[in-house]
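See structure below.
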Amino acid sequence: MTEPILQIQDLQVGFRIEEGMLPAVEGVSFEVFPGETIGIVGESGSGKSVTNLAYLGLLPMPPGVIAGGKALFEGKDLLKLSSRQLAKIRGNRIAMIFQDPMTALNPFLTVAEQMIEVTRRHLHLSRKAALRQAIEMLEKVSIPSASKRIHRYPHEFSGGMRQRVMIAMALSCKPSVLIADEPTTALDVTIQAQILDLMADLQKTEKMAIVFITHDLGVVAHLCHRVAVMYAGKIVEEAPVKDLFAEPFHPYTQGLLASLPRLDHTEGETLTPIPGQPPDLSQRPSGCSFHPRCPHAEDLCRKRSPSLMPSESVEHFHACLIQAKRGLPEGGAVHG
């Protein structure tokens with residue numbers, strides 16, 4: 001196997017608040033290989049976006065603080081690069097599709113000006129060539145009358161079309177790594193399928209690695225090779241996507257899957273939501289952060305904080321003390 005193009009090692013991120021330091025990401029590690037897609041899933045506030053914004057230098061500091069860890073891209077630690085060095089990589093070798101296109105796009109500049117700036121800076125294209133490429137990218141993401149619309153301002157586009165502009169901009173330089181933060185949230189299912197197919201095609205031709213941040217486990221099943229499940233700033237389970245859906249080990253992962261609508265549900269069968277709410281990170285529970293919501297919690301869970309440990313499969317890791325004792329996934333397969 002080739003070397004991973006991106007390695008996040010023991011990343012720790014916090015925010016300075018009046019009461020002190022609020023830990024938002026605690027010891028997150030994952031890697032992604034060329035041509036591979038890893039899905040990062042979890043509830044809002046679990047640390048998915050903060051993790052990826054941090055190593056790209058996109059968190060406001062202060063109040064954000066990177067307390068430790070490494071982010072190796074092609075062997076270079078992104079956390080040690082200067083702002084100028086990081087700017088040469090960001091948007092070019094590593095691109096990001098942001099969750100909110102209205103705040104990511106400059107309302108005072110036309111779409112053409114914003115897209116041209118990216119390719120002229122990183123690919124050194126002439127203005128004419130950059131405009132031609134920008135129109136081609138907008139057509140690929142299904143913007144109708146792209147040659148005319150490109151000269152409009154962001155507020156003249158719908159939310160879904162603004163998201164497609166962001167996707168086109170991120171893909172313009174054919175990055176080695178694409179960080180996609182909920183890239184299809186504002187899109188209808190037809191356009192979503194087209195965007196996912198476009199990303200998959202580019203991945204095959206360019207060997208692009210994708211970090212796909214999402215709440216949509218259906219998209220994860222369709223697009224991703226591996227998936228990492230985050231809860232309260234930590235990865236609680238990581239596995240190849242087929243293994244995770246077939247035999248989820250962590251009770252939180254089981255809860256996420258059990259709350260999904262399924263085509264094979266029998267008549268009258270109801271969805272099972274996860275009880276309670278994610279913890280307040282300023283008052284994190286002792287031991288395992290999930291134990292107040294976990295139906296299998298024991299005294300051990302309230303006292304010890306679990307680390308990722310291997311299951312029967314060398315590629316499947318979980319952070320559950322109860323499952324480690326039992327050695328088998330509770331209840332077997334949730335999605336068979």
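Every chain in the structure tokens takes a letter, A first, then B, and so on in the order presented; its residues are numbered from 1, and the ligands are numbered from 1 following the presented order.
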
List every residue of range 19-78 of chain A that has an atom at most 12 Å from any atom of range 177-190 of chain A, giving for each one its closest atom pair and the distance in Å to one decimal, counting only C-alpha atoms, sorted by chain and then by ascending residue number, as a tab-separated table.
```
residue	atom	partner	partner_atom	distance
A:Glu31	CA	A:Val177	CA	11.4
A:Val32	CA	A:Val177	CA	8.8
A:Phe33	CA	A:Val177	CA	9.3
A:Pro34	CA	A:Val177	CA	8.0
A:Gly35	CA	A:Val177	CA	9.1
A:Glu36	CA	A:Val177	CA	9.6
A:Thr37	CA	A:Leu178	CA	9.3
A:Ile38	CA	A:Ile179	CA	9.9
A:Gly39	CA	A:Ala180	CA	9.5
A:Ile40	CA	A:Asp181	CA	9.3
A:Val41	CA	A:Glu182	CA	10.0
A:Gly42	CA	A:Glu182	CA	11.7
A:Ser44	CA	A:Glu182	CA	11.4
A:Gly47	CA	A:Asp181	CA	11.9
A:Lys48	CA	A:Asp181	CA	8.6
A:Ser49	CA	A:Asp181	CA	6.9
A:Val50	CA	A:Asp181	CA	10.5
A:Thr51	CA	A:Ile179	CA	11.0
A:Asn52	CA	A:Ile179	CA	7.6
A:Leu53	CA	A:Ile179	CA	9.3
A:Tyr55	CA	A:Ile179	CA	11.3
A:Leu56	CA	A:Ile179	CA	9.9
A:Phe73	CA	A:Val177	CA	9.2
A:Glu74	CA	A:Val177	CA	10.5
```

Inset, instruction - Would you kindly return, as a PyMOL selection string, each protein, DNA or RNA residue with an atom no farther than 7 Å from any atom of Ala130 in chain A, considering only C-alpha atoms and excluding same-chain residues fewer than 3 positions away? - result: chain A and resi 116+119-120+125-127+133-134

Residues at most 10 Å from Val118 in chain A, counting only C-alpha atoms, excluding those fewer than 5 positions away in the same chain, as an mmCIF file with N, CA and C atoms, in the first residue's frame?
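The resulting result17.cif:
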```cif
data_model
loop_
_atom_site.group_PDB
_atom_site.id
_atom_site.type_symbol
_atom_site.label_atom_id
_atom_site.label_comp_id
_atom_site.auth_asym_id
_atom_site.auth_seq_id
_atom_site.Cartn_x
_atom_site.Cartn_y
_atom_site.Cartn_z
ATOM 1 N N GLY A 91 -6.157 25.466 -0.680
ATOM 2 C CA GLY A 91 -6.848 25.914 -1.882
ATOM 3 C C GLY A 91 -6.247 25.354 -3.151
ATOM 4 N N ASN A 92 -5.024 24.843 -3.043
ATOM 5 C CA ASN A 92 -4.324 24.296 -4.198
ATOM 6 C C ASN A 92 -4.129 22.793 -4.024
ATOM 7 N N GLU A 113 -15.045 36.626 -10.333
ATOM 8 C CA GLU A 113 -13.844 37.182 -9.694
ATOM 9 C C GLU A 113 -13.287 36.232 -8.636
ATOM 10 N N LEU A 123 -2.588 28.174 -10.183
ATOM 11 C CA LEU A 123 -2.238 27.527 -11.456
ATOM 12 C C LEU A 123 -1.584 28.490 -12.439
ATOM 13 N N HIS A 124 -1.521 29.775 -12.086
ATOM 14 C CA HIS A 124 -0.861 30.798 -12.911
ATOM 15 C C HIS A 124 -1.466 30.878 -14.317
ATOM 16 N N LEU A 125 -2.805 30.782 -14.388
ATOM 17 C CA LEU A 125 -3.488 30.885 -15.666
ATOM 18 C C LEU A 125 -3.701 32.351 -16.034
ATOM 19 N N ALA A 130 -8.475 31.312 -17.133
ATOM 20 C CA ALA A 130 -9.080 31.068 -15.819
ATOM 21 C C ALA A 130 -10.595 31.187 -15.888
ATOM 22 N N ALA A 134 -13.302 28.266 -15.194
ATOM 23 C CA ALA A 134 -14.336 28.485 -14.181
ATOM 24 C C ALA A 134 -15.716 28.156 -14.737
ATOM 25 N N MET A 169 -15.396 25.695 -7.098
ATOM 26 C CA MET A 169 -14.188 26.430 -6.734
ATOM 27 C C MET A 169 -13.159 25.517 -6.076
ATOM 28 N N ALA A 170 -13.626 24.648 -5.175
ATOM 29 C CA ALA A 170 -12.717 23.751 -4.476
ATOM 30 C C ALA A 170 -12.063 22.746 -5.418
ATOM 31 N N SER A 172 -11.443 23.238 -8.639
ATOM 32 C CA SER A 172 -10.817 23.885 -9.796
ATOM 33 C C SER A 172 -9.342 23.551 -9.953
ATOM 34 N N CYS A 173 -8.622 23.456 -8.849
ATOM 35 C CA CYS A 173 -7.180 23.206 -8.915
ATOM 36 C C CYS A 173 -6.826 21.726 -8.867
#
```

Legend entry - Residues flagged strand (DSSP E) by DSSP in range 9-158 of chain A, as a PyMOL selection string: chain A and resi 9-17+20-32+37-41+64-73+76-77+94-97

Inset, instruction - Mind checking which residues fall within 12 Å of Pro62 in chain A, counting only C-alpha atoms, ignoring those fewer than 5 positions away in the same chain, and posting them as JSON, numbers by chain? - result: {"A": [13, 14, 15, 16, 17, 21, 57]}

Legend entry - Residue nearest Met166 in chain A - candidates A:Val219, A:Ala209, A:Ile150, A:Ile97, atoms counted: only C-alpha atoms: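 Smallest distance to Met166 in chain A is found for A:Ile97.
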
Legend entry - Residue contacts of Ser29 in chain A (10 Å, only C-alpha atoms) excluding same-chain residues fewer than 5 positions away, as a list in words: Gln7, Ile8, Gln9, Asp10, Leu11, Gln12, Thr51, Gly69, Lys70, Ala71, Ala228, Lys234 and Ile235 of chain A

Filtering to C-alpha atoms, could you give me those residues as a short mmCIF file (atom, residue, chain, number, x, y, z; two decimals), in the first residue's frame?
```cif
data_model
loop_
_atom_site.label_atom_id
_atom_site.label_comp_id
_atom_site.auth_asym_id
_atom_site.auth_seq_id
_atom_site.Cartn_x
_atom_site.Cartn_y
_atom_site.Cartn_z
CA GLN A 7 -1.94 11.87 8.63
CA ILE A 8 -3.56 13.51 11.64
CA GLN A 9 -1.80 12.38 14.82
CA ASP A 10 -3.12 13.02 18.35
CA LEU A 11 -4.61 16.41 17.42
CA GLN A 12 -5.77 18.45 20.41
CA THR A 51 -10.66 19.04 13.62
CA GLY A 69 -0.47 16.83 17.77
CA LYS A 70 0.72 16.69 14.18
CA ALA A 71 -0.88 17.07 10.74
CA ALA A 228 -14.51 7.44 11.68
CA LYS A 234 -12.94 11.99 20.16
CA ILE A 235 -13.06 9.20 17.59
#
```

Legend entry - Pick from A:His222, A:Arg284, A:Lys76, A:Lys88 nearest to Ala24 in chain A, counting only C-alpha atoms: A:Arg284

Legend entry - Selection near range 319-323 of chain A, 10 Å with only C-alpha atoms, sequence-local residues under 2 positions removed, as an MDAnalysis selection string: chainID A and resid 234:238 249:252 288 290:291 296:298 300:301 304:311 317 325:330

Residues of the last selection are to be written out with N, CA, C and O atoms, as a short mmCIF file (atom, residue, chain, number, x, y, z; two decimals), in the first residue's frame.
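And here is the file that came out, selection04.cif:
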```cif
data_model
loop_
_atom_site.label_atom_id
_atom_site.label_comp_id
_atom_site.auth_asym_id
_atom_site.auth_seq_id
_atom_site.Cartn_x
_atom_site.Cartn_y
_atom_site.Cartn_z
N LYS A 234 -13.80 13.17 20.29
CA LYS A 234 -12.94 11.99 20.16
C LYS A 234 -13.50 11.06 19.08
O LYS A 234 -14.70 11.04 18.83
N ILE A 235 -12.61 10.29 18.47
CA ILE A 235 -13.06 9.20 17.59
C ILE A 235 -13.37 7.99 18.46
O ILE A 235 -12.51 7.53 19.21
N VAL A 236 -14.61 7.51 18.38
CA VAL A 236 -15.01 6.38 19.22
C VAL A 236 -15.08 5.07 18.44
O VAL A 236 -15.16 4.00 19.04
N GLU A 237 -15.05 5.16 17.09
CA GLU A 237 -15.01 3.94 16.28
C GLU A 237 -14.48 4.29 14.90
O GLU A 237 -14.79 5.35 14.35
N GLU A 238 -13.66 3.41 14.35
CA GLU A 238 -13.15 3.58 12.99
C GLU A 238 -13.05 2.21 12.33
O GLU A 238 -12.57 1.25 12.94
N PHE A 249 -19.52 -1.68 16.70
CA PHE A 249 -19.15 -2.10 18.05
C PHE A 249 -19.58 -1.09 19.11
O PHE A 249 -20.05 -1.47 20.17
N HIS A 250 -19.36 0.19 18.85
CA HIS A 250 -19.61 1.19 19.89
C HIS A 250 -21.11 1.46 20.02
O HIS A 250 -21.81 1.59 19.01
N PRO A 251 -21.63 1.56 21.24
CA PRO A 251 -23.07 1.83 21.42
C PRO A 251 -23.53 3.12 20.73
O PRO A 251 -24.69 3.20 20.30
N TYR A 252 -22.65 4.11 20.62
CA TYR A 252 -23.04 5.35 19.93
C TYR A 252 -23.24 5.10 18.44
O TYR A 252 -24.23 5.56 17.85
N CYS A 288 -16.08 7.54 30.38
CA CYS A 288 -16.52 7.59 28.98
C CYS A 288 -17.56 8.69 28.82
O CYS A 288 -18.56 8.72 29.54
N PHE A 290 -19.80 9.10 26.71
CA PHE A 290 -21.09 8.63 26.23
C PHE A 290 -21.90 7.93 27.31
O PHE A 290 -23.09 7.66 27.12
N HIS A 291 -21.32 7.66 28.48
CA HIS A 291 -22.00 6.80 29.45
C HIS A 291 -23.34 7.36 29.94
O HIS A 291 -24.26 6.56 30.21
N HIS A 296 -25.89 0.50 27.95
CA HIS A 296 -25.10 -0.61 28.47
C HIS A 296 -24.07 -0.17 29.51
O HIS A 296 -23.24 -0.97 29.94
N ALA A 297 -24.13 1.09 29.94
CA ALA A 297 -23.09 1.63 30.81
C ALA A 297 -23.04 0.90 32.15
O ALA A 297 -24.07 0.54 32.73
N GLU A 298 -21.81 0.69 32.64
CA GLU A 298 -21.57 0.10 33.94
C GLU A 298 -20.71 1.06 34.76
O GLU A 298 -20.28 2.11 34.27
N LEU A 300 -17.72 0.83 35.57
CA LEU A 300 -16.41 0.96 34.93
C LEU A 300 -16.42 2.13 33.94
O LEU A 300 -15.43 2.86 33.83
N CYS A 301 -17.53 2.32 33.24
CA CYS A 301 -17.62 3.37 32.22
C CYS A 301 -17.58 4.77 32.85
O CYS A 301 -17.17 5.73 32.18
N ARG A 304 -13.41 5.14 33.94
CA ARG A 304 -12.28 5.07 33.00
C ARG A 304 -12.66 5.65 31.65
O ARG A 304 -13.77 5.43 31.16
N SER A 305 -11.72 6.39 31.07
CA SER A 305 -11.93 6.93 29.72
C SER A 305 -11.28 5.97 28.72
O SER A 305 -10.06 5.79 28.73
N PRO A 306 -12.07 5.35 27.85
CA PRO A 306 -11.51 4.34 26.94
C PRO A 306 -10.72 4.96 25.80
O PRO A 306 -11.00 6.08 25.34
N SER A 307 -9.72 4.23 25.33
CA SER A 307 -8.97 4.59 24.13
C SER A 307 -9.38 3.65 23.01
O SER A 307 -9.96 2.59 23.25
N LEU A 308 -9.07 4.04 21.78
CA LEU A 308 -9.35 3.16 20.64
C LEU A 308 -8.58 1.86 20.77
O LEU A 308 -7.38 1.88 21.05
N MET A 309 -9.26 0.76 20.58
CA MET A 309 -8.63 -0.55 20.68
C MET A 309 -9.12 -1.42 19.53
O MET A 309 -10.24 -1.22 19.03
N PRO A 310 -8.32 -2.37 19.08
CA PRO A 310 -8.73 -3.20 17.95
C PRO A 310 -9.81 -4.19 18.35
O PRO A 310 -9.87 -4.65 19.49
N SER A 311 -10.66 -4.51 17.39
CA SER A 311 -11.65 -5.56 17.58
C SER A 311 -11.08 -6.85 17.01
O SER A 311 -9.87 -7.01 16.90
N PHE A 317 -11.57 -0.50 14.84
CA PHE A 317 -11.20 -0.04 16.18
C PHE A 317 -12.42 0.58 16.85
O PHE A 317 -13.26 1.20 16.20
N LYS A 325 -14.73 -6.01 27.08
CA LYS A 325 -14.92 -7.11 28.02
C LYS A 325 -15.64 -8.28 27.35
O LYS A 325 -15.29 -9.44 27.54
N ARG A 326 -16.64 -7.96 26.53
CA ARG A 326 -17.44 -9.00 25.92
C ARG A 326 -16.78 -9.61 24.71
O ARG A 326 -16.98 -10.78 24.39
N GLY A 327 -16.02 -8.78 23.98
CA GLY A 327 -15.30 -9.27 22.80
C GLY A 327 -16.14 -9.42 21.56
O GLY A 327 -15.66 -9.84 20.52
N LEU A 328 -17.46 -9.08 21.66
CA LEU A 328 -18.35 -9.19 20.51
C LEU A 328 -19.22 -7.96 20.45
O LEU A 328 -19.58 -7.38 21.48
N PRO A 329 -19.67 -7.54 19.25
CA PRO A 329 -20.58 -6.42 19.14
C PRO A 329 -21.93 -6.74 19.76
O PRO A 329 -22.49 -7.81 19.54
N GLU A 330 -22.44 -5.85 20.60
CA GLU A 330 -23.72 -6.06 21.26
C GLU A 330 -24.84 -6.19 20.23
O GLU A 330 -25.02 -5.33 19.37
#
```

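Across the model, the gap from CA of Lys242 in chain A to CA of Pro278 in chain A is 26.2 Å.
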
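With distances restricted to only C-alpha atoms, A:Ala232 is the closest residue to Leu281 in chain A from A:Ala232, A:Leu58, A:Ala104, A:Ala239.
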
Inset, instruction - Give me every helix (DSSP H, G or I) residue in range 124-286 of chain A, going by DSSP on the backbone, as a ChimeraX atom specification. - result: /A:127-140,146-149,154-156,159-171,189-206,217-223,241-246,251-258,281-283

Legend entry - Counting only C-alpha atoms, the residue of A:Pro4, A:Gly45, A:Pro240, A:Pro175 that sits nearest Ile94 in chain A: A:Pro175

Legend entry - Nearest-residue call for Met230 in chain A, choices A:His318, A:Arg302, A:Lys174, A:Lys148, using only C-alpha atoms: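 So, comparing all the options, the nearest one is A:His318.
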